[in-house]
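What follows is the content of data_21.pdb, which has PDB, C-alpha atoms, pLDDT in the B column:
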```
ATOM      1  CA  MET A  18     121.558 106.720  92.964  1.00 86.00           C
ATOM      2  CA  LYS A  19     120.356 105.253  96.230  1.00 88.00           C
ATOM      3  CA  VAL A  20     116.602 104.752  96.017  1.00 89.00           C
ATOM      4  CA  ASN A  21     114.912 105.224  99.388  1.00 89.00           C
ATOM      5  CA  LYS A  22     111.404 105.730  98.118  1.00 92.00           C
ATOM      6  CA  ALA A  23     109.686 104.079  95.177  1.00 91.00           C
ATOM      7  CA  GLU A  24     105.942 103.789  94.805  1.00 92.00           C
ATOM      8  CA  ILE A  25     103.343 103.678  92.087  1.00 91.00           C
ATOM      9  CA  VAL A  26     101.361 106.909  92.125  1.00 93.00           C
ATOM     10  CA  ILE A  27      98.796 106.366  89.370  1.00 92.00           C
ATOM     11  CA  SER A  28      97.978 104.198  86.388  1.00 91.00           C
ATOM     12  CA  ALA A  29      96.764 106.789  83.901  1.00 92.00           C
ATOM     13  CA  VAL A  30      94.933 106.445  80.606  1.00 88.00           C
ATOM     14  CA  SER A  31      94.659 110.138  79.691  1.00 89.00           C
ATOM     15  CA  GLU A  32      96.298 113.497  80.244  1.00 91.00           C
ATOM     16  CA  LYS A  33      93.822 114.623  82.905  1.00 93.00           C
ATOM     17  CA  GLN A  34      95.059 111.799  85.158  1.00 94.00           C
ATOM     18  CA  TYR A  35      98.781 112.591  84.882  1.00 94.00           C
ATOM     19  CA  PRO A  36     100.488 113.862  88.062  1.00 95.00           C
ATOM     20  CA  ASN A  37     100.824 117.647  88.001  1.00 92.00           C
ATOM     21  CA  ASP A  38     103.733 118.253  90.366  1.00 90.00           C
ATOM     22  CA  LYS A  39     106.099 118.973  87.447  1.00 92.00           C
ATOM     23  CA  TRP A  40     108.795 116.464  88.420  1.00 96.00           C
ATOM     24  CA  PRO A  41     111.010 115.302  85.548  1.00 97.00           C
ATOM     25  CA  GLU A  42     109.839 112.090  83.896  1.00 97.00           C
ATOM     26  CA  ILE A  43     111.725 109.242  82.294  1.00 97.00           C
ATOM     27  CA  ALA A  44     109.524 107.044  80.115  1.00 96.00           C
ATOM     28  CA  LEU A  45     110.249 103.357  79.587  1.00 95.00           C
ATOM     29  CA  ALA A  46     109.238 101.870  76.256  1.00 94.00           C
ATOM     30  CA  GLY A  47     109.786  98.532  74.608  1.00 93.00           C
ATOM     31  CA  ARG A  48     108.251  95.407  73.191  1.00 89.00           C
ATOM     32  CA  SER A  49     105.953  93.364  75.401  1.00 80.00           C
ATOM     33  CA  ASN A  50     108.047  90.914  77.428  1.00 79.00           C
ATOM     34  CA  VAL A  51     111.361  92.697  76.777  1.00 86.00           C
ATOM     35  CA  GLY A  52     111.965  93.171  80.518  1.00 84.00           C
ATOM     36  CA  LYS A  53     110.815  96.726  81.345  1.00 86.00           C
ATOM     37  CA  SER A  54     109.442  95.721  84.748  1.00 84.00           C
ATOM     38  CA  SER A  55     112.593  93.743  85.602  1.00 89.00           C
ATOM     39  CA  PHE A  56     114.662  96.759  84.533  1.00 92.00           C
ATOM     40  CA  ILE A  57     112.722  99.094  86.859  1.00 90.00           C
ATOM     41  CA  ASN A  58     112.831  96.646  89.767  1.00 90.00           C
ATOM     42  CA  LYS A  59     116.585  96.090  89.430  1.00 92.00           C
ATOM     43  CA  LEU A  60     117.336  99.824  89.230  1.00 92.00           C
ATOM     44  CA  ILE A  61     115.365 100.575  92.396  1.00 90.00           C
ATOM     45  CA  ASN A  62     116.389  97.409  94.278  1.00 85.00           C
ATOM     46  CA  ARG A  63     112.855  96.102  94.656  1.00 80.00           C
ATOM     47  CA  LYS A  64     111.631  92.629  93.844  1.00 74.00           C
ATOM     48  CA  ASN A  65     108.239  93.547  92.442  1.00 69.00           C
ATOM     49  CA  LEU A  66     107.229  97.180  92.550  1.00 70.00           C
ATOM     50  CA  ALA A  67     106.745  96.911  88.783  1.00 63.00           C
ATOM     51  CA  ARG A  68     104.839  93.698  88.196  1.00 58.00           C
ATOM     52  CA  THR A  69     106.577  91.185  85.992  1.00 49.00           C
ATOM     53  CA  SER A  70     104.531  88.652  84.111  1.00 44.00           C
ATOM     54  CA  SER A  71     105.110  85.691  81.877  1.00 44.00           C
ATOM     55  CA  LYS A  72     102.109  86.930  79.881  1.00 45.00           C
ATOM     56  CA  PRO A  73     103.050  89.771  77.526  1.00 43.00           C
ATOM     57  CA  GLY A  74     100.762  92.774  77.226  1.00 44.00           C
ATOM     58  CA  LYS A  75     100.073  93.192  80.953  1.00 48.00           C
ATOM     59  CA  THR A  76     100.869  96.921  81.126  1.00 53.00           C
ATOM     60  CA  GLN A  77      97.813  98.589  79.635  1.00 73.00           C
ATOM     61  CA  THR A  78      98.131 102.027  81.221  1.00 85.00           C
ATOM     62  CA  LEU A  79     100.810 104.669  81.778  1.00 91.00           C
ATOM     63  CA  ASN A  80     102.195 103.708  85.191  1.00 91.00           C
ATOM     64  CA  PHE A  81     103.802 106.613  87.059  1.00 95.00           C
ATOM     65  CA  TYR A  82     106.375 105.543  89.688  1.00 93.00           C
ATOM     66  CA  ASN A  83     107.544 108.180  92.193  1.00 94.00           C
ATOM     67  CA  ILE A  84     111.272 107.728  92.770  1.00 94.00           C
ATOM     68  CA  ASN A  85     112.697 109.487  95.866  1.00 95.00           C
ATOM     69  CA  ASP A  86     110.209 112.364  95.486  1.00 95.00           C
ATOM     70  CA  LEU A  87     112.570 113.530  92.705  1.00 95.00           C
ATOM     71  CA  PHE A  88     111.254 112.186  89.421  1.00 96.00           C
ATOM     72  CA  TYR A  89     108.927 109.649  87.821  1.00 96.00           C
ATOM     73  CA  PHE A  90     109.603 106.522  85.868  1.00 95.00           C
ATOM     74  CA  VAL A  91     106.668 106.204  83.466  1.00 95.00           C
ATOM     75  CA  ASP A  92     106.137 102.661  82.225  1.00 91.00           C
ATOM     76  CA  VAL A  93     104.178 102.725  78.960  1.00 89.00           C
ATOM     77  CA  PRO A  94     102.338  99.736  77.415  1.00 83.00           C
ATOM     78  CA  GLY A  95     104.558  97.311  75.555  1.00 81.00           C
ATOM     79  CA  TYR A  96     104.105  97.071  71.813  1.00 79.00           C
ATOM     80  CA  GLY A  97     104.209  94.284  69.260  1.00 68.00           C
ATOM     81  CA  TYR A  98     102.063  91.791  71.123  1.00 59.00           C
ATOM     82  CA  ALA A  99      99.705  89.965  68.804  1.00 52.00           C
ATOM     83  CA  LYS A 100      97.128  88.617  71.278  1.00 59.00           C
ATOM     84  CA  VAL A 101      95.651  92.049  71.925  1.00 59.00           C
ATOM     85  CA  SER A 102      92.789  93.163  69.709  1.00 67.00           C
ATOM     86  CA  LYS A 103      93.435  95.756  67.017  1.00 71.00           C
ATOM     87  CA  LYS A 104      91.029  98.102  68.780  1.00 74.00           C
ATOM     88  CA  GLU A 105      92.945  97.723  72.065  1.00 68.00           C
ATOM     89  CA  ARG A 106      96.281  98.355  70.316  1.00 65.00           C
ATOM     90  CA  GLU A 107      94.827 101.492  68.729  1.00 73.00           C
ATOM     91  CA  LYS A 108      93.690 102.693  72.150  1.00 72.00           C
ATOM     92  CA  TRP A 109      97.196 102.135  73.556  1.00 67.00           C
ATOM     93  CA  GLY A 110      98.711 103.891  70.543  1.00 74.00           C
ATOM     94  CA  ASN A 111      96.510 106.954  71.049  1.00 81.00           C
ATOM     95  CA  MET A 112      97.255 106.999  74.776  1.00 84.00           C
ATOM     96  CA  MET A 113     101.005 106.817  74.128  1.00 84.00           C
ATOM     97  CA  GLU A 114     100.919 109.423  71.367  1.00 88.00           C
ATOM     98  CA  GLU A 115      99.048 111.820  73.667  1.00 91.00           C
ATOM     99  CA  TYR A 116     101.653 111.298  76.385  1.00 93.00           C
ATOM    100  CA  PHE A 117     104.743 111.576  74.182  1.00 93.00           C
ATOM    101  CA  SER A 118     103.515 114.551  72.179  1.00 91.00           C
ATOM    102  CA  LEU A 119     102.080 116.651  75.024  1.00 90.00           C
ATOM    103  CA  ARG A 120     104.106 115.952  78.145  1.00 94.00           C
ATOM    104  CA  ASP A 121     106.503 118.846  78.814  1.00 94.00           C
ATOM    105  CA  THR A 122     108.003 117.188  81.914  1.00 96.00           C
ATOM    106  CA  LEU A 123     109.225 114.216  79.841  1.00 97.00           C
ATOM    107  CA  ARG A 124     113.028 114.471  79.809  1.00 97.00           C
ATOM    108  CA  LEU A 125     114.115 111.137  78.317  1.00 97.00           C
ATOM    109  CA  THR A 126     112.718 107.893  76.959  1.00 97.00           C
ATOM    110  CA  VAL A 127     114.533 104.668  77.682  1.00 97.00           C
ATOM    111  CA  LEU A 128     113.903 102.301  74.781  1.00 97.00           C
ATOM    112  CA  ILE A 129     114.525  98.745  75.945  1.00 97.00           C
ATOM    113  CA  VAL A 130     115.539  96.087  73.437  1.00 97.00           C
ATOM    114  CA  ASP A 131     116.718  92.501  73.873  1.00 96.00           C
ATOM    115  CA  ILE A 132     120.445  92.358  73.075  1.00 96.00           C
ATOM    116  CA  ARG A 133     120.111  88.728  71.932  1.00 95.00           C
ATOM    117  CA  HIS A 134     117.885  89.618  68.982  1.00 95.00           C
ATOM    118  CA  GLN A 135     117.948  92.131  66.173  1.00 96.00           C
ATOM    119  CA  PRO A 136     115.575  95.003  67.029  1.00 96.00           C
ATOM    120  CA  THR A 137     112.156  94.494  65.452  1.00 94.00           C
ATOM    121  CA  GLU A 138     110.339  96.730  62.998  1.00 93.00           C
ATOM    122  CA  ASP A 139     108.242  97.887  65.984  1.00 91.00           C
ATOM    123  CA  ASP A 140     111.443  98.885  67.830  1.00 94.00           C
ATOM    124  CA  ARG A 141     112.529 100.896  64.783  1.00 95.00           C
ATOM    125  CA  LEU A 142     109.127 102.579  64.545  1.00 93.00           C
ATOM    126  CA  MET A 143     109.256 103.483  68.238  1.00 93.00           C
ATOM    127  CA  TYR A 144     112.768 104.920  67.900  1.00 96.00           C
ATOM    128  CA  ASP A 145     111.713 106.960  64.828  1.00 95.00           C
ATOM    129  CA  PHE A 146     108.551 108.107  66.630  1.00 93.00           C
ATOM    130  CA  LEU A 147     110.621 109.440  69.555  1.00 95.00           C
ATOM    131  CA  LYS A 148     113.036 111.173  67.192  1.00 95.00           C
ATOM    132  CA  HIS A 149     110.070 112.732  65.364  1.00 92.00           C
ATOM    133  CA  TYR A 150     108.918 114.304  68.655  1.00 91.00           C
ATOM    134  CA  GLU A 151     112.533 115.310  69.430  1.00 94.00           C
ATOM    135  CA  ILE A 152     112.531 113.325  72.663  1.00 95.00           C
ATOM    136  CA  PRO A 153     116.003 112.303  73.889  1.00 96.00           C
ATOM    137  CA  VAL A 154     116.443 108.525  73.715  1.00 97.00           C
ATOM    138  CA  LEU A 155     118.633 106.131  75.675  1.00 98.00           C
ATOM    139  CA  VAL A 156     118.618 102.606  74.242  1.00 98.00           C
ATOM    140  CA  ILE A 157     119.076  99.859  76.825  1.00 98.00           C
ATOM    141  CA  ALA A 158     120.120  96.478  75.433  1.00 97.00           C
ATOM    142  CA  THR A 159     118.944  94.149  78.171  1.00 95.00           C
ATOM    143  CA  LYS A 160     119.450  90.439  78.930  1.00 95.00           C
ATOM    144  CA  LEU A 161     123.209  90.973  78.668  1.00 95.00           C
ATOM    145  CA  ASP A 162     123.896  87.926  80.849  1.00 95.00           C
ATOM    146  CA  LYS A 163     122.427  85.694  78.122  1.00 95.00           C
ATOM    147  CA  ILE A 164     125.201  86.245  75.564  1.00 95.00           C
ATOM    148  CA  PRO A 165     128.935  85.432  75.735  1.00 95.00           C
ATOM    149  CA  LYS A 166     131.257  88.337  76.576  1.00 94.00           C
ATOM    150  CA  ASN A 167     133.133  88.006  73.271  1.00 96.00           C
ATOM    151  CA  LYS A 168     129.905  88.579  71.275  1.00 96.00           C
ATOM    152  CA  ARG A 169     128.614  91.639  73.129  1.00 96.00           C
ATOM    153  CA  ASP A 170     130.184  94.279  70.869  1.00 95.00           C
ATOM    154  CA  THR A 171     128.780  92.592  67.771  1.00 96.00           C
ATOM    155  CA  HIS A 172     125.291  92.511  69.290  1.00 97.00           C
ATOM    156  CA  LEU A 173     125.479  96.171  70.357  1.00 96.00           C
ATOM    157  CA  LYS A 174     126.627  97.226  66.878  1.00 96.00           C
ATOM    158  CA  ARG A 175     123.670  95.339  65.406  1.00 97.00           C
ATOM    159  CA  VAL A 176     121.280  97.271  67.691  1.00 97.00           C
ATOM    160  CA  ILE A 177     122.826 100.598  66.649  1.00 97.00           C
ATOM    161  CA  SER A 178     122.749  99.830  62.916  1.00 97.00           C
ATOM    162  CA  THR A 179     119.255  98.268  62.898  1.00 97.00           C
ATOM    163  CA  LEU A 180     117.741 101.258  64.707  1.00 97.00           C
ATOM    164  CA  GLU A 181     119.876 103.604  62.573  1.00 96.00           C
ATOM    165  CA  MET A 182     120.671 105.460  65.771  1.00 97.00           C
ATOM    166  CA  ASP A 183     121.795 109.074  65.810  1.00 94.00           C
ATOM    167  CA  GLU A 184     125.375 109.519  66.994  1.00 91.00           C
ATOM    168  CA  ASP A 185     124.080 111.685  69.870  1.00 90.00           C
ATOM    169  CA  ASP A 186     122.004 108.838  71.337  1.00 94.00           C
ATOM    170  CA  ALA A 187     123.580 106.399  73.753  1.00 96.00           C
ATOM    171  CA  VAL A 188     123.156 102.639  73.931  1.00 97.00           C
ATOM    172  CA  LEU A 189     123.992 100.849  77.192  1.00 97.00           C
ATOM    173  CA  SER A 190     123.968  97.151  77.926  1.00 96.00           C
ATOM    174  CA  PHE A 191     122.234  95.865  81.041  1.00 97.00           C
ATOM    175  CA  SER A 192     121.367  92.706  82.922  1.00 96.00           C
ATOM    176  CA  ALA A 193     118.499  92.534  85.413  1.00 93.00           C
ATOM    177  CA  GLU A 194     119.917  89.178  86.524  1.00 94.00           C
ATOM    178  CA  THR A 195     123.443  90.289  87.433  1.00 95.00           C
ATOM    179  CA  SER A 196     123.017  94.104  87.762  1.00 94.00           C
ATOM    180  CA  GLU A 197     125.724  94.577  85.147  1.00 96.00           C
ATOM    181  CA  GLY A 198     125.372  98.040  83.633  1.00 96.00           C
ATOM    182  CA  LYS A 199     123.272  99.380  86.521  1.00 96.00           C
ATOM    183  CA  GLU A 200     125.776 102.033  87.643  1.00 96.00           C
ATOM    184  CA  GLU A 201     126.273 103.237  84.068  1.00 97.00           C
ATOM    185  CA  VAL A 202     122.510 103.533  83.599  1.00 97.00           C
ATOM    186  CA  TRP A 203     122.074 105.583  86.809  1.00 96.00           C
ATOM    187  CA  SER A 204     124.967 107.807  85.897  1.00 96.00           C
ATOM    188  CA  TYR A 205     123.338 108.489  82.489  1.00 97.00           C
ATOM    189  CA  LEU A 206     119.854 109.042  83.976  1.00 96.00           C
ATOM    190  CA  ASP A 207     121.238 111.499  86.567  1.00 95.00           C
ATOM    191  CA  ASN A 208     121.716 114.044  83.766  1.00 94.00           C
ATOM    192  CA  PHE A 209     117.958 114.101  83.160  1.00 95.00           C
ATOM    193  CA  ILE A 210     116.529 114.191  86.674  1.00 91.00           C
ATOM    194  CA  LYS A 211     118.162 117.261  88.143  1.00 78.00           C
TER     195      LYS A 211
END
```
Please render this file's structure as structure tokens.
Amino acid sequence: MKVNKAEIVISAVSEKQYPNDKWPEIALAGRSNVGKSSFINKLINRKNLARTSSKPGKTQTLNFYNINDLFYFVDVPGYGYAKVSKKEREKWGNMMEEYFSLRDTLRLTVLIVDIRHQPTEDDRLMYDFLKHYEIPVLVIATKLDKIPKNKRDTHLKRVISTLEMDEDDAVLSFSAETSEGKEEVWSYLDNFIK
């Protein structure tokens, strides 16, 4: 997909702030610092529409990005970051649960994991949470450029088995550095934004 328009529309903390134009939405979930912002920026060919940070835990709201006046990417707060208070994490959890359980325009959640490492318990919980709400899931194994080509299959298999992924769910590898996997990701996402 050629992206001609990409802009942040709102940073929402509750349902009453969500956009109400009924465009399809693709949520982006993952651990803090897994590369969600880099993933968004690479897909839309922008350097910093989604702010990247060396400090994990920066995304504290549901950020709705209008893409081509066709659909929204919805960046949700990263999970698994210890330097956020328990109360703050609870608030994020409630905000995310409200979004995932109530949003009827949500078509797909992209769960981003780091291909170099075994998915964490938090990644497994997030995957199970999405399956519980019967939300289609695409797993993106990012940072592909950081592992040798001959080890990629092994790493992908580890992601699939650790998450205990359903056969219906896809896993794609991706690199925000080299753009590898970008076309495959767009071709998969196209099925959910029409």
task = Given the file shown, determine the residues that the PyMOL selection byres ((chain A and resi 86) around 9) selects; report them as a PyMOL selection string.
result = chain A and resi 22-23+40+83-85+87-89
request  = Could you give me, as a PyMOL selection string, the residues within 9 Å of stretch 124-133 of chain A, counting only C-alpha atoms and dropping anything in the same chain fewer than 6 positions from it?
outcome  = chain A and resi 41-48+51-53+56+140+143-144+147+152-161+163-164+169+172-173+175-176+190-191+206+209-210
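Take the candidates A:Lys103, A:Lys199, A:Lys168, A:Lys39 and check each one against A:Ile61 using all atoms listed in the file; the shortest distance goes to A:Lys199.
Here the PyMOL selection byres ((chain A and resi 182) around 10) captures the residues Arg141, Tyr144, Asp145, Lys148, Val154, Val156, Val176, Ile177, Ser178, Thr179, Leu180, Glu181, Asp183, Glu184, Asp185, Asp186, Ala187 and Val188 of chain A.
Of the listed residues A:Val93, A:Val20, A:Leu119, A:Val202, the one whose atoms come nearest to A:Arg63 is A:Val20, with distances taken using only C-alpha atoms.
Pairwise distance (atom CA of A:Glu200, atom CA of A:His134) equals 23.8 Å.
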Where is the centre and how long are the edges: axis-aligned box on stretch 169-179 of chain A, 8 Å on each side, Å to one decimal, as AutoDock Vina command-line options:
```
--center_x 124.7 --center_y 96.1 --center_z 68.0 --size_x 26.9 --size_y 25.0 --size_z 26.2
```
Taking 2 positions as the minimum chain separation for residues in the same chain, which residues sit within 12 Å of A:Glu114 when counting all atoms listed in the file? Answer as an mmCIF file with C-alpha atoms, in the frame of the given file.
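Result saved to out-v3.cif:
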```cif
data_model
loop_
_atom_site.group_PDB
_atom_site.id
_atom_site.type_symbol
_atom_site.label_atom_id
_atom_site.label_comp_id
_atom_site.auth_asym_id
_atom_site.auth_seq_id
_atom_site.Cartn_x
_atom_site.Cartn_y
_atom_site.Cartn_z
ATOM 1 C CA VAL A 30 94.933 106.445 80.606
ATOM 2 C CA SER A 31 94.659 110.138 79.691
ATOM 3 C CA GLU A 32 96.298 113.497 80.244
ATOM 4 C CA LEU A 79 100.810 104.669 81.778
ATOM 5 C CA VAL A 93 104.178 102.725 78.960
ATOM 6 C CA PRO A 94 102.338 99.736 77.415
ATOM 7 C CA GLU A 107 94.827 101.492 68.729
ATOM 8 C CA LYS A 108 93.690 102.693 72.150
ATOM 9 C CA TRP A 109 97.196 102.135 73.556
ATOM 10 C CA GLY A 110 98.711 103.891 70.543
ATOM 11 C CA ASN A 111 96.510 106.954 71.049
ATOM 12 C CA MET A 112 97.255 106.999 74.776
ATOM 13 C CA TYR A 116 101.653 111.298 76.385
ATOM 14 C CA PHE A 117 104.743 111.576 74.182
ATOM 15 C CA SER A 118 103.515 114.551 72.179
ATOM 16 C CA LEU A 119 102.080 116.651 75.024
ATOM 17 C CA ARG A 120 104.106 115.952 78.145
ATOM 18 C CA MET A 143 109.256 103.483 68.238
ATOM 19 C CA PHE A 146 108.551 108.107 66.630
ATOM 20 C CA LEU A 147 110.621 109.440 69.555
ATOM 21 C CA HIS A 149 110.070 112.732 65.364
ATOM 22 C CA TYR A 150 108.918 114.304 68.655
#
```
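Nearest residue to A:Tyr35 among A:Val91, A:Glu201, A:Ser49, A:Ser192 is A:Val91, counting all atoms listed in the file.
Put simply, the PyMOL selection byres ((chain A and resi 82) around 6) in this file takes in Glu24, Ile25, Val26, Phe81, Asn83, Tyr89 and Phe90 of chain A.
Atom pair atom CA of A:Glu115 / atom CA of A:Asn208 has a distance of 24.9 Å (rounded to one decimal).
Proximity of A:Asp139, A:Ser204, A:Met18, A:Asp92 to A:Ser55, computed with all atoms listed in the file, is greatest for A:Asp92.
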query = When you draw a straight line from atom CA of A:Pro136 to atom CA of A:Ser54, how long is it in Å?
reply = 18.8 Å
